[in-house]
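K.L.:
My structure is stored as target.cif, with mmCIF, C-alpha atoms, pLDDT in the B column; chains and numbers go by the auth columns.
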data_coords
#
loop_
_atom_site.group_PDB
_atom_site.id
_atom_site.type_symbol
_atom_site.label_atom_id
_atom_site.label_comp_id
_atom_site.label_asym_id
_atom_site.label_seq_id
_atom_site.Cartn_x
_atom_site.Cartn_y
_atom_site.Cartn_z
_atom_site.B_iso_or_equiv
_atom_site.auth_seq_id
_atom_site.auth_asym_id
ATOM 1 C CA MET A 1 94.401 69.219 5.058 47.00 18 A
ATOM 2 C CA LEU A 2 97.789 68.921 3.322 43.00 19 A
ATOM 3 C CA LYS A 3 99.627 69.671 6.595 48.00 20 A
ATOM 4 C CA LEU A 4 97.493 67.065 8.372 43.00 21 A
ATOM 5 C CA ALA A 5 98.279 64.453 5.731 44.00 22 A
ATOM 6 C CA THR A 6 102.009 65.251 5.834 47.00 23 A
ATOM 7 C CA ARG A 7 102.061 64.963 9.621 52.00 24 A
ATOM 8 C CA ALA A 8 100.172 61.657 9.442 44.00 25 A
ATOM 9 C CA VAL A 9 102.627 60.292 6.868 40.00 26 A
ATOM 10 C CA ALA A 10 105.535 61.052 9.173 50.00 27 A
ATOM 11 C CA VAL A 11 103.867 59.361 12.130 43.00 28 A
ATOM 12 C CA CYS A 12 102.932 56.400 9.969 39.00 29 A
ATOM 13 C CA GLN A 13 106.518 56.002 8.743 47.00 30 A
ATOM 14 C CA ARG A 14 107.838 55.969 12.311 52.00 31 A
ATOM 15 C CA SER A 15 105.223 53.422 13.295 45.00 32 A
ATOM 16 C CA LEU A 16 106.019 51.213 10.302 39.00 33 A
ATOM 17 C CA SER A 17 109.674 51.200 11.332 46.00 34 A
ATOM 18 C CA ALA A 18 108.661 50.053 14.801 46.00 35 A
ATOM 19 C CA ASN A 19 106.543 47.323 13.226 44.00 36 A
ATOM 20 C CA LEU A 20 109.524 45.997 11.327 39.00 37 A
ATOM 21 C CA ARG A 21 111.424 45.705 14.623 47.00 38 A
ATOM 22 C CA GLY A 22 108.723 44.369 16.849 44.00 39 A
ATOM 23 C CA ARG A 23 105.562 43.785 14.768 43.00 40 A
ATOM 24 C CA ARG A 24 103.543 44.836 17.815 44.00 41 A
ATOM 25 C CA ALA A 25 101.869 47.996 16.602 42.00 42 A
ATOM 26 C CA PHE A 26 99.809 46.648 13.711 40.00 43 A
ATOM 27 C CA GLY A 27 96.519 47.943 15.022 45.00 44 A
ATOM 28 C CA PHE A 28 97.896 51.420 15.595 41.00 45 A
ATOM 29 C CA THR A 29 99.638 51.483 12.227 42.00 46 A
ATOM 30 C CA TRP A 30 96.530 50.385 10.394 40.00 47 A
ATOM 31 C CA ALA A 31 94.545 53.095 12.085 44.00 48 A
ATOM 32 C CA LEU A 32 96.984 55.635 10.678 40.00 49 A
ATOM 33 C CA VAL A 33 96.930 54.060 7.241 38.00 50 A
ATOM 34 C CA SER A 34 93.133 54.183 7.377 46.00 51 A
ATOM 35 C CA LEU A 35 93.348 57.872 8.248 40.00 52 A
ATOM 36 C CA LEU A 36 95.477 58.486 5.196 41.00 53 A
ATOM 37 C CA ALA A 37 93.049 56.491 3.100 42.00 54 A
ATOM 38 C CA ALA A 38 90.213 58.667 4.336 44.00 55 A
ATOM 39 C CA VAL A 39 92.179 61.849 3.602 38.00 56 A
ATOM 40 C CA PHE A 40 93.100 60.804 0.087 42.00 57 A
ATOM 41 C CA GLY A 41 89.937 58.801 -0.697 44.00 58 A
ATOM 42 C CA LEU A 42 91.772 55.512 -1.210 41.00 59 A
ATOM 43 C CA GLY A 43 88.943 53.399 0.222 43.00 60 A
ATOM 44 C CA LEU A 44 91.194 50.925 2.072 39.00 61 A
ATOM 45 C CA ALA A 45 89.689 48.499 4.551 43.00 62 A
ATOM 46 C CA ALA A 46 91.334 46.698 7.448 41.00 63 A
ATOM 47 C CA PRO A 47 91.594 42.903 7.175 44.00 64 A
ATOM 48 C CA GLY A 48 88.615 41.139 8.713 44.00 65 A
ATOM 49 C CA LEU A 49 86.337 44.167 8.731 43.00 66 A
ATOM 50 C CA VAL A 50 82.853 43.434 7.389 45.00 67 A
ATOM 51 C CA GLN A 51 81.877 45.688 4.519 46.00 68 A
ATOM 52 C CA ALA A 52 78.414 47.225 4.306 49.00 69 A
ATOM 53 C CA ALA A 53 76.065 44.951 2.385 58.00 70 A
ATOM 54 C CA ALA A 54 75.144 46.108 -1.096 69.00 71 A
ATOM 55 C CA ALA A 55 71.520 46.960 -1.749 78.00 72 A
ATOM 56 C CA PRO A 56 69.607 43.956 -3.144 89.00 73 A
ATOM 57 C CA GLY A 57 68.619 43.811 -6.767 96.00 74 A
ATOM 58 C CA PRO A 58 65.041 44.854 -7.528 98.00 75 A
ATOM 59 C CA ILE A 59 61.925 42.740 -7.424 98.00 76 A
ATOM 60 C CA LEU A 60 60.710 42.326 -10.996 98.00 77 A
ATOM 61 C CA VAL A 61 56.979 41.734 -11.402 98.00 78 A
ATOM 62 C CA LEU A 62 56.300 39.941 -14.674 98.00 79 A
ATOM 63 C CA GLY A 63 52.552 39.796 -15.074 98.00 80 A
ATOM 64 C CA ASP A 64 49.441 40.595 -17.041 98.00 81 A
ATOM 65 C CA SER A 65 46.595 43.068 -16.466 98.00 82 A
ATOM 66 C CA LEU A 66 46.165 41.893 -12.863 98.00 83 A
ATOM 67 C CA SER A 67 49.582 43.332 -12.070 98.00 84 A
ATOM 68 C CA ALA A 68 49.594 46.097 -14.673 98.00 85 A
ATOM 69 C CA GLY A 69 46.564 47.486 -12.829 97.00 86 A
ATOM 70 C CA TYR A 70 43.952 47.546 -15.568 98.00 87 A
ATOM 71 C CA GLY A 71 41.291 50.109 -14.664 97.00 88 A
ATOM 72 C CA VAL A 72 43.125 51.158 -11.497 98.00 89 A
ATOM 73 C CA LYS A 73 45.282 54.222 -10.827 98.00 90 A
ATOM 74 C CA VAL A 74 48.980 53.412 -10.839 97.00 91 A
ATOM 75 C CA ASP A 75 49.569 54.403 -7.221 97.00 92 A
ATOM 76 C CA ALA A 76 46.655 52.205 -6.090 98.00 93 A
ATOM 77 C CA THR A 77 47.812 48.948 -7.692 98.00 94 A
ATOM 78 C CA TRP A 78 49.021 46.076 -5.545 98.00 95 A
ATOM 79 C CA VAL A 79 52.500 46.542 -7.048 98.00 96 A
ATOM 80 C CA ALA A 80 52.628 50.159 -5.854 98.00 97 A
ATOM 81 C CA LEU A 81 51.335 49.050 -2.459 98.00 98 A
ATOM 82 C CA LEU A 82 54.085 46.425 -2.348 98.00 99 A
ATOM 83 C CA GLN A 83 56.748 49.098 -2.777 98.00 100 A
ATOM 84 C CA LYS A 84 55.259 51.049 0.120 98.00 101 A
ATOM 85 C CA ARG A 85 55.070 47.981 2.367 98.00 102 A
ATOM 86 C CA LEU A 86 58.669 47.033 1.653 98.00 103 A
ATOM 87 C CA ALA A 87 59.826 50.517 2.616 97.00 104 A
ATOM 88 C CA THR A 88 57.668 50.561 5.751 97.00 105 A
ATOM 89 C CA GLN A 89 59.051 47.218 6.916 97.00 106 A
ATOM 90 C CA GLY A 90 62.650 48.155 6.299 96.00 107 A
ATOM 91 C CA TYR A 91 63.380 46.221 3.119 97.00 108 A
ATOM 92 C CA GLY A 92 65.680 47.870 0.612 96.00 109 A
ATOM 93 C CA TYR A 93 64.118 46.449 -2.539 98.00 110 A
ATOM 94 C CA ARG A 94 62.978 48.546 -5.463 98.00 111 A
ATOM 95 C CA VAL A 95 59.986 47.139 -7.350 98.00 112 A
ATOM 96 C CA VAL A 96 59.997 47.136 -11.148 98.00 113 A
ATOM 97 C CA ASN A 97 56.651 46.459 -12.778 98.00 114 A
ATOM 98 C CA ALA A 98 57.188 44.795 -16.149 98.00 115 A
ATOM 99 C CA SER A 99 53.551 43.706 -16.458 98.00 116 A
ATOM 100 C CA VAL A 100 51.506 44.216 -19.624 98.00 117 A
ATOM 101 C CA SER A 101 47.730 43.978 -19.964 98.00 118 A
ATOM 102 C CA GLY A 102 46.767 41.054 -22.172 97.00 119 A
ATOM 103 C CA GLU A 103 50.159 39.382 -21.741 98.00 120 A
ATOM 104 C CA THR A 104 50.524 35.647 -22.282 98.00 121 A
ATOM 105 C CA THR A 105 53.281 33.331 -21.117 98.00 122 A
ATOM 106 C CA GLY A 106 54.600 33.296 -24.682 98.00 123 A
ATOM 107 C CA GLY A 107 54.845 37.078 -24.862 98.00 124 A
ATOM 108 C CA ALA A 108 56.471 37.328 -21.452 98.00 125 A
ATOM 109 C CA ARG A 109 58.942 34.595 -22.361 98.00 126 A
ATOM 110 C CA THR A 110 60.075 36.730 -25.291 98.00 127 A
ATOM 111 C CA ARG A 111 60.418 39.879 -23.170 98.00 128 A
ATOM 112 C CA LEU A 112 62.068 38.322 -20.143 98.00 129 A
ATOM 113 C CA PRO A 113 65.717 38.127 -21.319 98.00 130 A
ATOM 114 C CA ARG A 114 65.814 41.869 -21.953 98.00 131 A
ATOM 115 C CA ALA A 115 64.148 42.621 -18.629 98.00 132 A
ATOM 116 C CA LEU A 116 66.654 40.451 -16.767 98.00 133 A
ATOM 117 C CA GLU A 117 69.575 42.121 -18.521 98.00 134 A
ATOM 118 C CA LEU A 118 68.228 45.619 -17.957 98.00 135 A
ATOM 119 C CA HIS A 119 67.083 45.398 -14.337 98.00 136 A
ATOM 120 C CA LYS A 120 69.236 42.579 -12.890 98.00 137 A
ATOM 121 C CA PRO A 121 66.558 41.566 -10.359 98.00 138 A
ATOM 122 C CA SER A 122 67.145 39.448 -7.283 98.00 139 A
ATOM 123 C CA ILE A 123 63.532 38.214 -7.287 98.00 140 A
ATOM 124 C CA VAL A 124 61.091 37.719 -10.169 98.00 141 A
ATOM 125 C CA VAL A 125 57.386 37.397 -9.397 99.00 142 A
ATOM 126 C CA ILE A 126 55.744 35.557 -12.297 99.00 143 A
ATOM 127 C CA GLU A 127 52.017 36.334 -12.355 98.00 144 A
ATOM 128 C CA LEU A 128 50.901 34.906 -15.692 98.00 145 A
ATOM 129 C CA GLY A 129 48.762 32.285 -17.342 98.00 146 A
ATOM 130 C CA GLY A 130 45.317 33.845 -17.063 97.00 147 A
ATOM 131 C CA ASN A 131 45.237 35.005 -20.671 98.00 148 A
ATOM 132 C CA ASP A 132 46.615 31.668 -21.873 98.00 149 A
ATOM 133 C CA GLY A 133 43.784 29.901 -20.082 97.00 150 A
ATOM 134 C CA LEU A 134 41.111 32.284 -21.358 95.00 151 A
ATOM 135 C CA ARG A 135 42.321 31.542 -24.887 96.00 152 A
ATOM 136 C CA GLY A 136 42.278 27.817 -24.222 95.00 153 A
ATOM 137 C CA LEU A 137 45.942 27.396 -25.136 97.00 154 A
ATOM 138 C CA PRO A 138 47.308 23.844 -24.763 97.00 155 A
ATOM 139 C CA ILE A 139 48.623 23.083 -21.278 98.00 156 A
ATOM 140 C CA LYS A 140 51.811 21.643 -22.777 98.00 157 A
ATOM 141 C CA GLN A 141 52.523 24.953 -24.524 98.00 158 A
ATOM 142 C CA VAL A 142 51.868 26.969 -21.375 98.00 159 A
ATOM 143 C CA ARG A 143 54.078 24.630 -19.340 98.00 160 A
ATOM 144 C CA GLY A 144 56.945 25.032 -21.804 98.00 161 A
ATOM 145 C CA ASN A 145 56.743 28.815 -21.570 98.00 162 A
ATOM 146 C CA PHE A 146 56.732 28.745 -17.780 99.00 163 A
ATOM 147 C CA GLU A 147 59.675 26.367 -17.649 98.00 164 A
ATOM 148 C CA ALA A 148 61.675 28.549 -20.015 98.00 165 A
ATOM 149 C CA MET A 149 61.012 31.658 -17.896 98.00 166 A
ATOM 150 C CA ILE A 150 61.905 29.887 -14.663 98.00 167 A
ATOM 151 C CA GLU A 151 65.159 28.574 -16.105 98.00 168 A
ATOM 152 C CA LEU A 152 66.083 31.932 -17.635 98.00 169 A
ATOM 153 C CA THR A 153 65.462 33.662 -14.315 98.00 170 A
ATOM 154 C CA ARG A 154 67.531 31.174 -12.360 98.00 171 A
ATOM 155 C CA ALA A 155 70.359 31.376 -14.878 98.00 172 A
ATOM 156 C CA ALA A 156 70.402 35.129 -14.242 98.00 173 A
ATOM 157 C CA GLY A 157 70.847 34.484 -10.511 97.00 174 A
ATOM 158 C CA ALA A 158 67.357 35.542 -9.430 98.00 175 A
ATOM 159 C CA GLN A 159 64.730 33.721 -7.384 98.00 176 A
ATOM 160 C CA VAL A 160 61.285 32.953 -8.785 98.00 177 A
ATOM 161 C CA VAL A 161 58.008 33.423 -6.936 98.00 178 A
ATOM 162 C CA LEU A 162 55.148 31.775 -8.820 98.00 179 A
ATOM 163 C CA VAL A 163 51.594 33.118 -8.682 98.00 180 A
ATOM 164 C CA GLY A 164 48.853 30.619 -9.458 98.00 181 A
ATOM 165 C CA MET A 165 45.591 31.175 -11.312 97.00 182 A
ATOM 166 C CA ARG A 166 42.355 29.275 -11.881 96.00 183 A
ATOM 167 C CA MET A 167 40.012 29.051 -14.847 94.00 184 A
ATOM 168 C CA PRO A 168 36.202 29.347 -14.622 86.00 185 A
ATOM 169 C CA PRO A 169 34.405 25.977 -14.707 84.00 186 A
ATOM 170 C CA ASN A 170 32.755 26.811 -18.036 85.00 187 A
ATOM 171 C CA TYR A 171 36.086 26.023 -19.712 84.00 188 A
ATOM 172 C CA GLY A 172 35.527 22.388 -18.838 91.00 189 A
ATOM 173 C CA ALA A 173 36.522 20.608 -15.638 93.00 190 A
ATOM 174 C CA GLU A 174 39.385 18.682 -17.244 95.00 191 A
ATOM 175 C CA TYR A 175 41.043 21.772 -18.688 96.00 192 A
ATOM 176 C CA ALA A 176 40.409 23.905 -15.608 96.00 193 A
ATOM 177 C CA ASP A 177 41.826 21.251 -13.266 96.00 194 A
ATOM 178 C CA SER A 178 44.883 20.637 -15.447 97.00 195 A
ATOM 179 C CA PHE A 179 45.498 24.362 -15.756 97.00 196 A
ATOM 180 C CA HIS A 180 45.453 24.954 -12.018 97.00 197 A
ATOM 181 C CA ALA A 181 47.513 21.837 -11.280 98.00 198 A
ATOM 182 C CA LEU A 182 50.228 23.120 -13.601 98.00 199 A
ATOM 183 C CA TYR A 183 51.345 25.715 -11.056 98.00 200 A
ATOM 184 C CA SER A 184 51.833 23.244 -8.223 98.00 201 A
ATOM 185 C CA GLU A 185 53.622 20.860 -10.578 98.00 202 A
ATOM 186 C CA LEU A 186 56.039 23.605 -11.591 98.00 203 A
ATOM 187 C CA ALA A 187 56.542 24.676 -7.980 98.00 204 A
ATOM 188 C CA GLN A 188 57.335 21.101 -6.975 98.00 205 A
ATOM 189 C CA LYS A 189 59.674 20.485 -9.901 98.00 206 A
ATOM 190 C CA TYR A 190 61.685 23.656 -9.370 98.00 207 A
ATOM 191 C CA GLN A 191 61.155 24.016 -5.601 98.00 208 A
ATOM 192 C CA LEU A 192 59.505 27.439 -5.935 98.00 209 A
ATOM 193 C CA PRO A 193 57.477 29.521 -3.480 98.00 210 A
ATOM 194 C CA LEU A 194 53.905 29.334 -4.785 98.00 211 A
ATOM 195 C CA LEU A 195 50.765 31.369 -4.202 98.00 212 A
ATOM 196 C CA ASP A 196 48.004 28.890 -4.989 98.00 213 A
ATOM 197 C CA PHE A 197 45.418 31.387 -6.296 98.00 214 A
ATOM 198 C CA PHE A 198 46.100 35.093 -6.675 98.00 215 A
ATOM 199 C CA LEU A 199 42.408 36.089 -6.700 98.00 216 A
ATOM 200 C CA ASP A 200 41.491 34.133 -3.595 98.00 217 A
ATOM 201 C CA GLY A 201 38.809 36.076 -1.710 98.00 218 A
ATOM 202 C CA VAL A 202 38.439 38.473 -4.641 98.00 219 A
ATOM 203 C CA ALA A 203 37.187 36.652 -7.742 96.00 220 A
ATOM 204 C CA LEU A 204 33.765 35.751 -6.334 94.00 221 A
ATOM 205 C CA ASP A 205 33.137 39.076 -4.604 97.00 222 A
ATOM 206 C CA ASP A 206 31.232 41.444 -6.904 95.00 223 A
ATOM 207 C CA ASN A 207 32.274 44.384 -4.758 96.00 224 A
ATOM 208 C CA LEU A 208 35.924 43.678 -5.513 98.00 225 A
ATOM 209 C CA MET A 209 35.609 43.012 -9.244 98.00 226 A
ATOM 210 C CA GLN A 210 35.111 45.461 -12.083 98.00 227 A
ATOM 211 C CA ALA A 211 32.033 45.274 -14.301 96.00 228 A
ATOM 212 C CA ASP A 212 33.831 42.956 -16.748 95.00 229 A
ATOM 213 C CA GLY A 213 34.037 40.282 -14.058 94.00 230 A
ATOM 214 C CA ILE A 214 37.728 39.725 -14.855 94.00 231 A
ATOM 215 C CA HIS A 215 39.683 42.588 -13.331 98.00 232 A
ATOM 216 C CA PRO A 216 39.861 43.502 -9.629 98.00 233 A
ATOM 217 C CA THR A 217 38.906 46.987 -8.479 98.00 234 A
ATOM 218 C CA ALA A 218 41.100 49.427 -6.584 98.00 235 A
ATOM 219 C CA ALA A 219 39.480 48.204 -3.369 98.00 236 A
ATOM 220 C CA ALA A 220 40.758 44.689 -4.103 98.00 237 A
ATOM 221 C CA GLN A 221 44.418 45.669 -4.485 98.00 238 A
ATOM 222 C CA PRO A 222 45.322 45.465 -0.766 98.00 239 A
ATOM 223 C CA LYS A 223 43.781 41.988 -0.673 98.00 240 A
ATOM 224 C CA LEU A 224 45.884 40.889 -3.658 98.00 241 A
ATOM 225 C CA LEU A 225 49.005 42.092 -1.876 98.00 242 A
ATOM 226 C CA ASP A 226 47.950 40.328 1.317 98.00 243 A
ATOM 227 C CA ASN A 227 47.502 37.117 -0.675 98.00 244 A
ATOM 228 C CA LEU A 228 51.011 37.338 -2.098 98.00 245 A
ATOM 229 C CA TRP A 229 52.883 38.727 0.892 98.00 246 A
ATOM 230 C CA PRO A 230 53.335 35.544 2.992 98.00 247 A
ATOM 231 C CA VAL A 231 54.808 33.751 -0.018 98.00 248 A
ATOM 232 C CA LEU A 232 57.026 36.620 -1.115 98.00 249 A
ATOM 233 C CA ALA A 233 58.228 37.266 2.438 97.00 250 A
ATOM 234 C CA LYS A 234 59.893 33.849 2.475 96.00 251 A
ATOM 235 C CA VAL A 235 62.548 35.041 0.018 97.00 252 A
ATOM 236 C CA LEU A 236 62.978 38.644 1.181 98.00 253 A
ATOM 237 C CA LYS A 237 66.213 39.653 2.900 95.00 254 A
ATOM 238 C CA LYS A 238 67.044 42.751 4.916 87.00 255 A
#
Can you dump the structure from the file as structure tokens?
P.N.:
Amino acid sequence: MLKLATRAVAVCQRSLSANLRGRRAFGFTWALVSLLAAVFGLGLAAPGLVQAAAAPGPILVLGDSLSAGYGVKVDATWVALLQKRLATQGYGYRVVNASVSGETTGGARTRLPRALELHKPSIVVIELGGNDGLRGLPIKQVRGNFEAMIELTRAAGAQVVLVGMRMPPNYGAEYADSFHALYSELAQKYQLPLLDFFLDGVALDDNLMQADGIHPTAAAQPKLLDNLWPVLAKVLKK
């Protein structure tokens, strides 16, 4: 290898001299310089050459028990199925599941800065609000938490995908309507991709819900992913 490098140096020097006289052998000279770079690991690149694109940052899923997979095996959750679908369709994203069962928007707001710093995601899927609604927390408080998370995520250079939820009618029509409307209001204000209702086609199907009537079964996980996929696909890049 040393003899090869020495020989290449000599040729390169002769070519550089010719360049100084005529400046007509740039392409040839650069090819030799590139050879030397390869030999010595210098990592040079010719002007105008397009470098290979870096792998995208991960997709961070910030959710509650619906995304943490309460009562479902880890490899059967919609988040695990998402990772498999991304790989199958040629996307280079890694999925990080930062979801916690029982999580509220307030708890996630507190955890988010650390998660952004640690994982440096390119996309953050925010699937939250269900536990806030079940506790009857004030809409104003929930809105403030969502807005803080959206702004923190954007400040970190990541895109937000918002996942909407609904409350059962027994919480009162006014509260239930205001709660659901909050998601579309946030999506409009911040121009976010929005899934209107994560449990669409699942919540009212007893075969897809666990005995508690709150958490989807393993059989429902593909449906949850199918609900989210068209919205998420809008921001995916290959």
K.L.:
Compare A:Asp149, A:Asp81, A:Glu144, A:Glu191 by their minimum atom-to-atom distance to Leu179 in chain A, counting all atoms listed in the file, and give me the closest one.
P.N.:
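Ranking A:Asp149, A:Asp81, A:Glu144, A:Glu191 by distance to Leu179 in chain A, first place goes to A:Glu144.
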K.L.:
Which one is closest to Arg126 in chain A: A:Val159, A:Leu103, A:Leu151, A:Ile76? Count all atoms listed in the file.
P.N.:
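Smallest separation from Arg126 in chain A among the options: A:Val159.
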K.L.:
Need to verify the contact set: Arg171 in chain A, 12 Å, all atoms listed in the file, exclusion of same-chain residues closer than 5 positions in sequence. Can you return it as number ranges by chain?
P.N.:
A: 129-130, 133, 137-141, 164-166, 176-178, 207-209
K.L.:
Each side padded by 5 Å, which centre and which edge lengths in Å (one decimal) define the axis-aligned box around the listed atoms of range 166-173 of chain A? Give them as lines of an AutoDock Vina configuration file.
P.N.:
center_x = 65.7
center_y = 31.9
center_z = -15.1
size_x = 19.4
size_y = 16.6
size_z = 15.5
K.L.:
Grab the CA of Ala250 in chain A to CA of Glu134 in chain A distance for me, in Å with one decimal place.
P.N.:
24.3 Å
K.L.:
On this structure, the PyMOL selection byres ((chain A and resi 215-222) around 9) would catch which residues? List them as a PDB file with C-alpha atoms, in the frame of the given file, sorted by chain and number.
P.N.:
ATOM      1  CA  GLU A 144      52.017  36.334 -12.355  1.00 98.00           C
ATOM      2  CA  VAL A 180      51.594  33.118  -8.682  1.00 98.00           C
ATOM      3  CA  GLY A 181      48.853  30.619  -9.458  1.00 98.00           C
ATOM      4  CA  MET A 182      45.591  31.175 -11.312  1.00 97.00           C
ATOM      5  CA  ARG A 183      42.355  29.275 -11.881  1.00 96.00           C
ATOM      6  CA  LEU A 212      50.765  31.369  -4.202  1.00 98.00           C
ATOM      7  CA  ASP A 213      48.004  28.890  -4.989  1.00 98.00           C
ATOM      8  CA  PHE A 214      45.418  31.387  -6.296  1.00 98.00           C
ATOM      9  CA  ASP A 223      31.232  41.444  -6.904  1.00 95.00           C
ATOM     10  CA  ASN A 224      32.274  44.384  -4.758  1.00 96.00           C
ATOM     11  CA  LEU A 225      35.924  43.678  -5.513  1.00 98.00           C
ATOM     12  CA  MET A 226      35.609  43.012  -9.244  1.00 98.00           C
ATOM     13  CA  GLY A 230      34.037  40.282 -14.058  1.00 94.00           C
ATOM     14  CA  ILE A 231      37.728  39.725 -14.855  1.00 94.00           C
ATOM     15  CA  HIS A 232      39.683  42.588 -13.331  1.00 98.00           C
ATOM     16  CA  PRO A 233      39.861  43.502  -9.629  1.00 98.00           C
ATOM     17  CA  ALA A 237      40.758  44.689  -4.103  1.00 98.00           C
ATOM     18  CA  LYS A 240      43.781  41.988  -0.673  1.00 98.00           C
ATOM     19  CA  LEU A 241      45.884  40.889  -3.658  1.00 98.00           C
ATOM     20  CA  LEU A 242      49.005  42.092  -1.876  1.00 98.00           C
ATOM     21  CA  ASN A 244      47.502  37.117  -0.675  1.00 98.00           C
ATOM     22  CA  LEU A 245      51.011  37.338  -2.098  1.00 98.00           C
TER      23      LEU A 245
END
K.L.:
Using all atoms listed in the file, find each residue in range 144-247 of chain A having at least one atom no more than 10 Å away from range 108-122 of chain A; report its shortest atom-to-atom pair and that distance in Å (one decimal), rows by chain then rising number, as CSV.
P.N.:
residue,atom,partner,partner_atom,distance
A:Glu144,CA,A:Ser116,CA,8.6
A:Leu145,CA,A:Thr122,CA,6.1
A:Gly146,CA,A:Thr122,CA,6.0
A:Gly147,CA,A:Thr121,CA,7.6
A:Asn148,CA,A:Thr121,CA,5.6
A:Asp149,CA,A:Thr121,CA,5.6
A:Gly150,CA,A:Thr121,CA,9.1
A:Arg152,CA,A:Thr121,CA,9.5
A:Leu154,CA,A:Thr121,CA,9.9
A:Gln158,CA,A:Thr122,CA,9.1
A:Val159,CA,A:Thr122,CA,6.5
A:Arg160,CA,A:Thr122,CA,8.9
A:Gly161,CA,A:Thr122,CA,9.1
A:Asn162,CA,A:Thr122,CA,5.7
A:Phe163,CA,A:Thr122,CA,6.6
A:Ala165,CA,A:Thr122,CA,9.7
A:Met166,CA,A:Thr122,CA,8.5
K.L.:
For CA of Thr170 in chain A and CA of Thr94 in chain A, determine how far apart the two atoms are, in Å to one decimal place.
P.N.:
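Result for CA of Thr170 in chain A versus CA of Thr94 in chain A: 24.3 Å, one decimal.
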